[in-house]
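Below: one structure, written as structure tokens.
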Amino acid sequence: MAATVLDGNKIAAQIKAEVAEEVQKLGAAGIRPGLAVILAGHNPASEIYVRNKVKSCEQLGMLSENLTPPDSVTTAELLQMVNELNNRDEIDGILVQLPLPPQVDSKKVLLAVSPEKDVDGFHPVNVGNLSTQRPGLVPCTPAGVIEILRRSNIAIEGRNAVVIGRSDIVGKPVAMLLLNNNATVTVCHSKTKNIAQIARQADILVAAIGKAGFVTEEFIKPGAAVIDVGINKITDRAQFEKFFAGDPAREKSFAEKGSTLVGDVDPHVAAVAGAISPVPGGVGPLTIAMLMANTVKACKMRRGPERQARS
Ligand code: GUN
């Protein structure tokens with residue numbers, strides 16, 4: 001039986017509706033959550049992400065501000081920008097879009113973001129909060145992975161989860177969230193031997209390595225839930241055929257655009273898995289929804305009505 005397709009757009013819309021309700025409640029108390037995004041230089045993929053982030057803020061009634069320093073920006077200039085945003089009361093969330101230009105010390109810039117405004121959850125204080133199960137801001141894509149599982153009624157507790165990829169942005173935090181939700185977690189990476197064999201133990205398999213179609217049918221335990229975090233653009237006809245031959249909708253869009261998106265999971269995995277998140281339309285929309293949720297959370301933690309009533 002073919003796998004259930006986990007509809008990320010639908011789940012993201014649910015989350016955004018909940019966030020919009022929170023924004024309205026805050027509005028009634030005279031508070032408007034605000035997100036500032038720093039987009040340095042002209043990376044085409046980053047420009048698309050940031051445009052979507054700003055659009056979502058506007059849809060939900062939040063304040064958004066977009067700072068666009070040039071490719072030549074220095075570490076010192078970015079530090080100054082971040083400091084100014086740290087000191088502005090109406091800004092609740094600060095997101096420094098990665099990758100930064102090569103001359104910039106990215107770690108230094110991310111460290112300068114106030115942990116209470118760190119809606120990416122990249123600051124070591126928030127990384128530490130996550131790993132010690134303290135309240136804090138959690139990275140958006142990993143939080144989105146958990147929301148897809150939770151809202152699709154896929155149990156995490158007591159199950160075997162395998163994460164392929166160990167990046168600071170996705171692999172490590174998603175492994176920590178799965179662990180905090182009582183899964184038994186294994187993290188595989190480029191030096192892991194017998195990845196397919198380890199992956200086949202997984203009830204929940206998360207792929208976040210950035211390699212088109214890396215996870216194939218032999219990685220999958222029949223019935224497993226497979227969450228695909230990869231977004232890879234393919235332009236090569238032979239590669240396209242390998243993944244999408246016989247798919248008329250994909251054929252049409254590939255013929256029109258000369259490219260298509262494929263995740264880290266080969267689409268043929270759907271014949272073996274129990275549930276699978278598609279690319280596009282799976283984890284991607286959740287990342288933005290969780291960013292919106294984090295901005296409201298940061299706002300409420302720092303200046304929400306309940307917080308003001310306590311102090
Ligand atoms: N670039 C790719 N993914 C992300 C993300 O989640 N946050 C930021 N800031 N930059 C990114």
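Chain labels follow the order of the structure tokens: the first chain is A, the next B, and so on; residue numbering restarts at 1 in every chain, and ligands are counted from 1 in their shown order.
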
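Near range 91-104 of chain A, within a cut-off of 6 Å and counting only C-alpha atoms, sit the residues Gly34, Leu35, Ala36, Val37, Ile38, Leu39, Thr74, Thr75, Arg88, Asp89, Ser106, Lys117, Asp118, Val119, Thr295, Ala298 and Cys299 of chain A, with same-chain residues fewer than 2 positions away left out.
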
Limited to C-alpha atoms, could you put the picked residues into a file as an mmCIF file, in the first residue's frame?
data_model
loop_
_atom_site.group_PDB
_atom_site.id
_atom_site.type_symbol
_atom_site.label_atom_id
_atom_site.label_comp_id
_atom_site.auth_asym_id
_atom_site.auth_seq_id
_atom_site.Cartn_x
_atom_site.Cartn_y
_atom_site.Cartn_z
ATOM 1 C CA GLY A 34 7.691 42.185 15.397
ATOM 2 C CA LEU A 35 10.280 40.242 13.425
ATOM 3 C CA ALA A 36 13.439 41.692 11.905
ATOM 4 C CA VAL A 37 15.247 39.751 9.197
ATOM 5 C CA ILE A 38 18.797 40.544 8.129
ATOM 6 C CA LEU A 39 19.508 39.410 4.583
ATOM 7 C CA THR A 74 31.648 43.375 7.533
ATOM 8 C CA THR A 75 31.296 41.439 10.770
ATOM 9 C CA ARG A 88 14.517 48.027 20.147
ATOM 10 C CA ASP A 89 11.482 47.107 22.224
ATOM 11 C CA SER A 106 28.871 33.964 11.237
ATOM 12 C CA LYS A 117 14.998 37.415 20.512
ATOM 13 C CA ASP A 118 16.734 34.420 18.921
ATOM 14 C CA VAL A 119 13.768 33.065 16.903
ATOM 15 C CA THR A 295 8.169 35.295 17.125
ATOM 16 C CA ALA A 298 9.421 35.513 22.057
ATOM 17 C CA CYS A 299 7.045 38.470 22.243
#

Could I get the residues of chain A with an atom no further than 12 Å from an atom of ligand 1, each paired with its nearest atom pair and that distance in Å to one decimal, using only C-alpha atoms and all ligand atoms, sorted by chain and residue number, as JSON lines?
{"residue": "A:Ala36", "atom": "CA", "partner": "ligand 1", "partner_atom_place_in_ligand_line": "9 (N)", "distance": 11.1}
{"residue": "A:Val37", "atom": "CA", "partner": "ligand 1", "partner_atom_place_in_ligand_line": "9 (N)", "distance": 8.4}
{"residue": "A:Ile38", "atom": "CA", "partner": "ligand 1", "partner_atom_place_in_ligand_line": "9 (N)", "distance": 8.6}
{"residue": "A:Leu39", "atom": "CA", "partner": "ligand 1", "partner_atom_place_in_ligand_line": "9 (N)", "distance": 9.0}
{"residue": "A:Ala40", "atom": "CA", "partner": "ligand 1", "partner_atom_place_in_ligand_line": "10 (N)", "distance": 11.0}
{"residue": "A:Asn43", "atom": "CA", "partner": "ligand 1", "partner_atom_place_in_ligand_line": "1 (N)", "distance": 10.3}
{"residue": "A:Pro44", "atom": "CA", "partner": "ligand 1", "partner_atom_place_in_ligand_line": "1 (N)", "distance": 11.6}
{"residue": "A:Ala45", "atom": "CA", "partner": "ligand 1", "partner_atom_place_in_ligand_line": "2 (C)", "distance": 8.7}
{"residue": "A:Ser46", "atom": "CA", "partner": "ligand 1", "partner_atom_place_in_ligand_line": "1 (N)", "distance": 6.7}
{"residue": "A:Glu47", "atom": "CA", "partner": "ligand 1", "partner_atom_place_in_ligand_line": "1 (N)", "distance": 10.3}
{"residue": "A:Ile48", "atom": "CA", "partner": "ligand 1", "partner_atom_place_in_ligand_line": "1 (N)", "distance": 10.8}
{"residue": "A:Tyr49", "atom": "CA", "partner": "ligand 1", "partner_atom_place_in_ligand_line": "1 (N)", "distance": 8.1}
{"residue": "A:Val50", "atom": "CA", "partner": "ligand 1", "partner_atom_place_in_ligand_line": "10 (N)", "distance": 9.0}
{"residue": "A:Lys53", "atom": "CA", "partner": "ligand 1", "partner_atom_place_in_ligand_line": "7 (N)", "distance": 10.6}
{"residue": "A:Gly93", "atom": "CA", "partner": "ligand 1", "partner_atom_place_in_ligand_line": "9 (N)", "distance": 11.3}
{"residue": "A:Ile94", "atom": "CA", "partner": "ligand 1", "partner_atom_place_in_ligand_line": "9 (N)", "distance": 9.0}
{"residue": "A:Leu95", "atom": "CA", "partner": "ligand 1", "partner_atom_place_in_ligand_line": "9 (N)", "distance": 5.3}
{"residue": "A:Val96", "atom": "CA", "partner": "ligand 1", "partner_atom_place_in_ligand_line": "9 (N)", "distance": 4.8}
{"residue": "A:Gln97", "atom": "CA", "partner": "ligand 1", "partner_atom_place_in_ligand_line": "9 (N)", "distance": 3.7}
{"residue": "A:Leu98", "atom": "CA", "partner": "ligand 1", "partner_atom_place_in_ligand_line": "10 (N)", "distance": 3.8}
{"residue": "A:Pro99", "atom": "CA", "partner": "ligand 1", "partner_atom_place_in_ligand_line": "1 (N)", "distance": 6.0}
{"residue": "A:Leu100", "atom": "CA", "partner": "ligand 1", "partner_atom_place_in_ligand_line": "10 (N)", "distance": 8.8}
{"residue": "A:Ser106", "atom": "CA", "partner": "ligand 1", "partner_atom_place_in_ligand_line": "9 (N)", "distance": 10.6}
{"residue": "A:Lys107", "atom": "CA", "partner": "ligand 1", "partner_atom_place_in_ligand_line": "9 (N)", "distance": 11.9}
{"residue": "A:Val109", "atom": "CA", "partner": "ligand 1", "partner_atom_place_in_ligand_line": "9 (N)", "distance": 11.2}
{"residue": "A:Leu110", "atom": "CA", "partner": "ligand 1", "partner_atom_place_in_ligand_line": "9 (N)", "distance": 9.1}
{"residue": "A:Val113", "atom": "CA", "partner": "ligand 1", "partner_atom_place_in_ligand_line": "9 (N)", "distance": 11.4}
{"residue": "A:Asp118", "atom": "CA", "partner": "ligand 1", "partner_atom_place_in_ligand_line": "9 (N)", "distance": 9.7}
{"residue": "A:Val119", "atom": "CA", "partner": "ligand 1", "partner_atom_place_in_ligand_line": "9 (N)", "distance": 8.8}
{"residue": "A:Asp120", "atom": "CA", "partner": "ligand 1", "partner_atom_place_in_ligand_line": "7 (N)", "distance": 5.7}
{"residue": "A:Gly121", "atom": "CA", "partner": "ligand 1", "partner_atom_place_in_ligand_line": "7 (N)", "distance": 8.8}
{"residue": "A:Phe122", "atom": "CA", "partner": "ligand 1", "partner_atom_place_in_ligand_line": "9 (N)", "distance": 8.3}
{"residue": "A:His123", "atom": "CA", "partner": "ligand 1", "partner_atom_place_in_ligand_line": "9 (N)", "distance": 11.2}
{"residue": "A:Val138", "atom": "CA", "partner": "ligand 1", "partner_atom_place_in_ligand_line": "6 (O)", "distance": 10.7}
{"residue": "A:Pro139", "atom": "CA", "partner": "ligand 1", "partner_atom_place_in_ligand_line": "6 (O)", "distance": 7.0}
{"residue": "A:Cys140", "atom": "CA", "partner": "ligand 1", "partner_atom_place_in_ligand_line": "6 (O)", "distance": 6.2}
{"residue": "A:Thr141", "atom": "CA", "partner": "ligand 1", "partner_atom_place_in_ligand_line": "6 (O)", "distance": 6.2}
{"residue": "A:Pro142", "atom": "CA", "partner": "ligand 1", "partner_atom_place_in_ligand_line": "6 (O)", "distance": 9.0}
{"residue": "A:Ala143", "atom": "CA", "partner": "ligand 1", "partner_atom_place_in_ligand_line": "6 (O)", "distance": 10.6}
{"residue": "A:Gly144", "atom": "CA", "partner": "ligand 1", "partner_atom_place_in_ligand_line": "6 (O)", "distance": 10.7}
{"residue": "A:Ser167", "atom": "CA", "partner": "ligand 1", "partner_atom_place_in_ligand_line": "3 (N)", "distance": 10.9}
{"residue": "A:Asp168", "atom": "CA", "partner": "ligand 1", "partner_atom_place_in_ligand_line": "6 (O)", "distance": 10.1}
{"residue": "A:Ile169", "atom": "CA", "partner": "ligand 1", "partner_atom_place_in_ligand_line": "6 (O)", "distance": 6.4}
{"residue": "A:Val170", "atom": "CA", "partner": "ligand 1", "partner_atom_place_in_ligand_line": "6 (O)", "distance": 8.0}
{"residue": "A:Gly171", "atom": "CA", "partner": "ligand 1", "partner_atom_place_in_ligand_line": "6 (O)", "distance": 11.8}
{"residue": "A:Pro173", "atom": "CA", "partner": "ligand 1", "partner_atom_place_in_ligand_line": "6 (O)", "distance": 11.5}
{"residue": "A:Ala208", "atom": "CA", "partner": "ligand 1", "partner_atom_place_in_ligand_line": "3 (N)", "distance": 11.6}
{"residue": "A:Gly210", "atom": "CA", "partner": "ligand 1", "partner_atom_place_in_ligand_line": "2 (C)", "distance": 11.4}
{"residue": "A:Val229", "atom": "CA", "partner": "ligand 1", "partner_atom_place_in_ligand_line": "3 (N)", "distance": 10.7}
{"residue": "A:Gly230", "atom": "CA", "partner": "ligand 1", "partner_atom_place_in_ligand_line": "3 (N)", "distance": 10.8}
{"residue": "A:Ile231", "atom": "CA", "partner": "ligand 1", "partner_atom_place_in_ligand_line": "2 (C)", "distance": 10.4}
{"residue": "A:Val283", "atom": "CA", "partner": "ligand 1", "partner_atom_place_in_ligand_line": "6 (O)", "distance": 11.5}
{"residue": "A:Gly284", "atom": "CA", "partner": "ligand 1", "partner_atom_place_in_ligand_line": "3 (N)", "distance": 9.9}
{"residue": "A:Pro285", "atom": "CA", "partner": "ligand 1", "partner_atom_place_in_ligand_line": "6 (O)", "distance": 11.7}
{"residue": "A:Leu286", "atom": "CA", "partner": "ligand 1", "partner_atom_place_in_ligand_line": "6 (O)", "distance": 10.9}
{"residue": "A:Thr287", "atom": "CA", "partner": "ligand 1", "partner_atom_place_in_ligand_line": "6 (O)", "distance": 7.1}
{"residue": "A:Ile288", "atom": "CA", "partner": "ligand 1", "partner_atom_place_in_ligand_line": "6 (O)", "distance": 8.7}
{"residue": "A:Ala289", "atom": "CA", "partner": "ligand 1", "partner_atom_place_in_ligand_line": "6 (O)", "distance": 11.6}
{"residue": "A:Met290", "atom": "CA", "partner": "ligand 1", "partner_atom_place_in_ligand_line": "6 (O)", "distance": 10.1}
{"residue": "A:Leu291", "atom": "CA", "partner": "ligand 1", "partner_atom_place_in_ligand_line": "6 (O)", "distance": 8.6}

Residues of range 38-124 of chain A that have any atom at most 10 Å from an atom of range 4-18 of chain A: could you tabulate them with the shortest-distance atom pair and the distance in Å to one decimal, using only C-alpha atoms, ordered by chain and increasing number, as JSON lines?
{"residue": "A:Ser56", "atom": "CA", "partner": "A:Lys16", "partner_atom": "CA", "distance": 8.6}
{"residue": "A:Cys57", "atom": "CA", "partner": "A:Lys16", "partner_atom": "CA", "distance": 9.8}
{"residue": "A:Gln59", "atom": "CA", "partner": "A:Lys16", "partner_atom": "CA", "distance": 9.2}
{"residue": "A:Leu60", "atom": "CA", "partner": "A:Lys16", "partner_atom": "CA", "distance": 7.3}

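With CA of Glu90 in chain A on one side and CA of Glu116 in chain A on the other, the separation reads 13.1 Å.
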
Original post:
DSSP on the backbone: what in range 38-177 of chain A comes out helix (DSSP H, G or I), as a PyMOL selection string?
Top reply: chain A and resi 44-59+75-86+106-112+115-117+124-131+140-151+171-177

Subject >> DSSP strand (DSSP E or B) residues within range 145-260 of chain A, listed as a list in words >> reply: Asn160, Ala161, Val162, Val163, Ile164, Thr184, Val185, Thr186, Val187, Cys188, Ile204, Leu205, Val206, Ala207, Val215, Ala225, Val226, Ile227, Asp228, Asn232, Lys233, Ile234 and Thr260 of chain A

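Around Asn180 in chain A, within 10 Å and counting only C-alpha atoms, the residues found are Leu130, Ser131, Thr132, Gln133, Ile156, Glu157, Val174, Ala175, Met176, Leu177, Ala183, Thr184 and Val185 of chain A, once anything fewer than 3 positions away on its own chain is removed.
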
Subject >> Close residues, range 254-267 of chain A itself excluded, 7 Å, only C-alpha atoms, min 5 positions apart in chain, as a ChimeraX atom specification >> reply: /A:207-216,228-235,243,279-280

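By chain and then residue number, the residues within 9 Å of Gly41 in chain A are Thr68, Pro69, Pro70, Asp71, Ser72, Val73, Leu100 and Pro101 of chain A, counting only C-alpha atoms and disregarding those fewer than 3 positions away in sequence.
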
Subject >> Contacts of Leu149 in chain A at 10 Å (only C-alpha atoms; same-chain gap of 6+ positions) as an NGL selection string >> reply: :A and (6 or 155-156 or 204 or 225-227 or 275 or 277)
